[in-house]
Amino acid sequence: MADSSLNPFLRAQQAFKEAVETLNLEPAVYELLRQPLRFFEVAVPFIRDDGTLQVFTGYRAHHNDALGPTKGGLRFHPDVNADEVKALSMWMTVKCALLGLPYGGGKGGIACDPEQLSELELERLSREYIRSIASVIGPDKDIPAPDVSTNPQIMAWMVDEYSRIRGENTFGMITGKPLVIGGSAGRVEATGRGLLLAVREMARQINIDFTQSRVAIQGFGNVGSVAALAATELGARVVSVSDKEGGIFNPDGLDIKDVLAYKQVHRNVTGYPQSEPIANADVLELPVDILIPAALENVITADNAGRIRARIVGEGANGPTTEEADNILFEKGVMVVPDILANAGGVTVSYFEWVQNQMRFYWTEEEVFRRLEEMMGAAIEAMHDMHEHYGVSLRRAAYLVAVDRIAQAMRVRGWLR
Ligand code: GLU
């Protein structure tokens, strides 16, 4: 990658380095955190519908497991690569530690374009991937989940394949499953709901009334669409949403339910009648109160950060803001609610799902959301205390909370000398 500021792995390393220095921890903490403890690259062969064999590259990273088994999603996307997976696993370590989950960070994926695959091909590929990594995952080892372009159906094929290999039902090996085979109530909505919880609370702290706010959302997938719906339900006006084909804009607010119905039929939001088209990049620069990047990394960079007009950026995606952009936004007084907190609702309810799988006793949606609110509230408070204490951005503060906890675990386990 030509511009190193856009390499997510280097970005993640830098963030750990700064946190270790600020907390004045032993240098060994950074030496252990600067790369995954284990990293697997696998060739995933599978048979296309026409009978030919194709081999994709798959990955799984176990970044750090001092606090518990590694946990994190699986991404199916043409741009998936080793450095991206490593970075995403590092961000999961921070996220889990910040939320107080008994997990370390993991991540995986396959470099593929799922839109070019039939349903049957997607199933075969998912099963083959699980065969390739079966020996390094498991309910007490490493627990995958959905991420970009993966969903409960894919999790179902994967838990089925793993259970066949093991010869026993092993629901706790993956989360984000359909309800009927050990999924948790609320898991699908969890990331979007958690995002709004975090953004609403941080908005309140700077006297912005969320219910009166104008919101723009880039990305209308697992995270963006739920956040959009939840935001309108709370009374906010969602003026723009977008997916990879482009965006739609209506200054009076979009009818999100209707946009969702439109997307079901047309696959994308583009062309939705009660709106004007808008380019994906322009969605980020709209004059709104709250901007939610909920797609991929590196969308807010040094090039466009100066033009962001939102007062709050709530990071639904992982890594949407580069370090330089972060600094520019901080200088401008834009509050960035960092990904490692803002989108942590997903992994938190994944944790609840795993707990329910171990207990074989399932909670109501009400109980799930009550516990989610409790855990997000505690994380916000811990982050906020660090923010006040060190006078650093919310992201840096979140890293300080997390790295401090991980270092304590590594210390008592005897990993630091
Ligand atoms: N992929 C989601 C994330 O980035 C969820 C991970 C999980 O549930 O384990 O946080």
# chains A, B, ... in the order shown; residues from 1 in each chain; ligands from 1
call {"tool": "closest_atom_pairs", "arguments": {"of": "chain A", "to": "ligand 1", "cutoff": "9 Å", "atoms": "only C-alpha atoms and all ligand atoms", "output": "CSV"}}
result
residue,atom,partner,partner_atom_place_in_ligand_line,distance
A:Thr70,CA,ligand 1,9 (O),8.9
A:Lys71,CA,ligand 1,9 (O),5.1
A:Gly72,CA,ligand 1,9 (O),3.7
A:Gly73,CA,ligand 1,1 (N),3.9
A:Leu74,CA,ligand 1,1 (N),6.7
A:Arg75,CA,ligand 1,1 (N),7.8
A:Leu88,CA,ligand 1,4 (O),7.4
A:Ser89,CA,ligand 1,4 (O),8.7
A:Trp91,CA,ligand 1,4 (O),8.1
A:Met92,CA,ligand 1,10 (O),6.4
A:Lys95,CA,ligand 1,10 (O),7.5
A:Cys96,CA,ligand 1,10 (O),8.8
A:Gly105,CA,ligand 1,9 (O),8.6
A:Gly106,CA,ligand 1,9 (O),8.1
A:Lys107,CA,ligand 1,1 (N),7.9
A:Ile143,CA,ligand 1,9 (O),6.9
A:Pro144,CA,ligand 1,9 (O),5.8
A:Ala145,CA,ligand 1,9 (O),4.7
A:Pro146,CA,ligand 1,1 (N),5.2
A:Asp147,CA,ligand 1,1 (N),3.9
A:Val148,CA,ligand 1,1 (N),7.2
A:Ile174,CA,ligand 1,9 (O),8.1
A:Thr175,CA,ligand 1,8 (O),6.4
A:Gly176,CA,ligand 1,8 (O),6.7
A:Arg187,CA,ligand 1,8 (O),8.5
A:Thr191,CA,ligand 1,5 (C),7.8
A:Ala317,CA,ligand 1,4 (O),7.7
A:Asn318,CA,ligand 1,4 (O),6.4
A:Asp339,CA,ligand 1,10 (O),8.7
A:Ile340,CA,ligand 1,10 (O),7.9
A:Asn343,CA,ligand 1,10 (O),6.2
A:Ala344,CA,ligand 1,10 (O),5.6
A:Gly345,CA,ligand 1,10 (O),7.6
A:Gly346,CA,ligand 1,5 (C),4.9
A:Val347,CA,ligand 1,8 (O),3.5
A:Thr348,CA,ligand 1,8 (O),6.9
A:Val349,CA,ligand 1,8 (O),7.1
A:Ser350,CA,ligand 1,8 (O),4.6
A:Tyr351,CA,ligand 1,8 (O),7.4
call {"tool": "residues_around", "arguments": {"residues": "A:Glu84", "least_positions_apart": "4", "cutoff": "8 Å", "atoms": "only C-alpha atoms", "output": "VMD selection string"}}
result
chain A and resid 7 to 9 80 88
call {"tool": "write_last_selection", "arguments": {"atoms": "C-alpha atoms", "output": "PDB file, in the first residue's frame"}}
result
ATOM      1  CA  ASN A   7      -2.324   0.741   6.139  1.00  0.00           C
ATOM      2  CA  PRO A   8      -4.661  -0.381   8.941  1.00  0.00           C
ATOM      3  CA  PHE A   9      -2.042  -2.673  10.486  1.00  0.00           C
ATOM      4  CA  VAL A  80      -9.527  -8.706   2.446  1.00  0.00           C
ATOM      5  CA  LEU A  88      -9.125  -5.824  12.600  1.00  0.00           C
TER       6      LEU A  88
END
call {"tool": "residues_around", "arguments": {"residues": "A:Arg413", "least_positions_apart": "6", "cutoff": "10 Å", "atoms": "only C-alpha atoms", "output": "ChimeraX atom specification"}}
result
/A:66-67,407
call {"tool": "write_last_selection", "arguments": {"atoms": "N, CA and C atoms", "output": "PDB file, in the first residue's frame"}}
result
ATOM      1  N   ALA A  66      -4.847 -12.841  26.279  1.00  0.00           N
ATOM      2  CA  ALA A  66      -4.580 -12.728  27.705  1.00  0.00           C
ATOM      3  C   ALA A  66      -5.879 -12.692  28.521  1.00  0.00           C
ATOM      4  N   LEU A  67      -6.914 -12.082  27.973  1.00  0.00           N
ATOM      5  CA  LEU A  67      -8.162 -11.926  28.729  1.00  0.00           C
ATOM      6  C   LEU A  67      -9.153 -13.060  28.487  1.00  0.00           C
ATOM      7  N   ALA A 407      -2.720  -5.341  29.769  1.00  0.00           N
ATOM      8  CA  ALA A 407      -1.383  -5.412  30.392  1.00  0.00           C
ATOM      9  C   ALA A 407      -1.484  -6.071  31.764  1.00  0.00           C
TER      10      ALA A 407
END
call {"tool": "closest_residue", "arguments": {"among": "A:Ala134, A:Ala302, A:Leu416, A:Met335", "to": "A:Arg164", "atoms": "only C-alpha atoms"}}
result
A:Ala134
call {"tool": "closest_residue", "arguments": {"among": "A:Leu179, A:Pro114, A:Met375, A:Pro36", "to": "A:Pro152", "atoms": "only C-alpha atoms"}}
result
A:Leu179
call {"tool": "residues_around", "arguments": {"residues": "stretch 50-53 of chain A", "least_positions_apart": "2", "cutoff": "12 Å", "atoms": "only C-alpha atoms", "output": "MDAnalysis selection string"}}
result
chainID A and resid 44:48 55:56 117:118 120:121 124:125
call {"tool": "atom_distance", "arguments": {"atom1": "atom CA of A:Val42", "atom2": "atom CA of A:Ala156"}}
result
21.2 Å
call {"tool": "residues_around", "arguments": {"residues": "A:Gly314", "least_positions_apart": "2", "cutoff": "12 Å", "atoms": "only C-alpha atoms", "output": "JSON, numbers by chain"}}
result
{"A": [191, 192, 194, 195, 196, 197, 198, 199, 200, 201, 202, 203, 215, 216, 217, 218, 223, 224, 227, 284, 289, 290, 291, 292, 293, 294, 295, 300, 310, 311, 312, 316, 317, 318, 319, 320, 321, 334, 335, 336, 337, 338, 339, 340, 341, 342, 343, 344, 394, 395]}
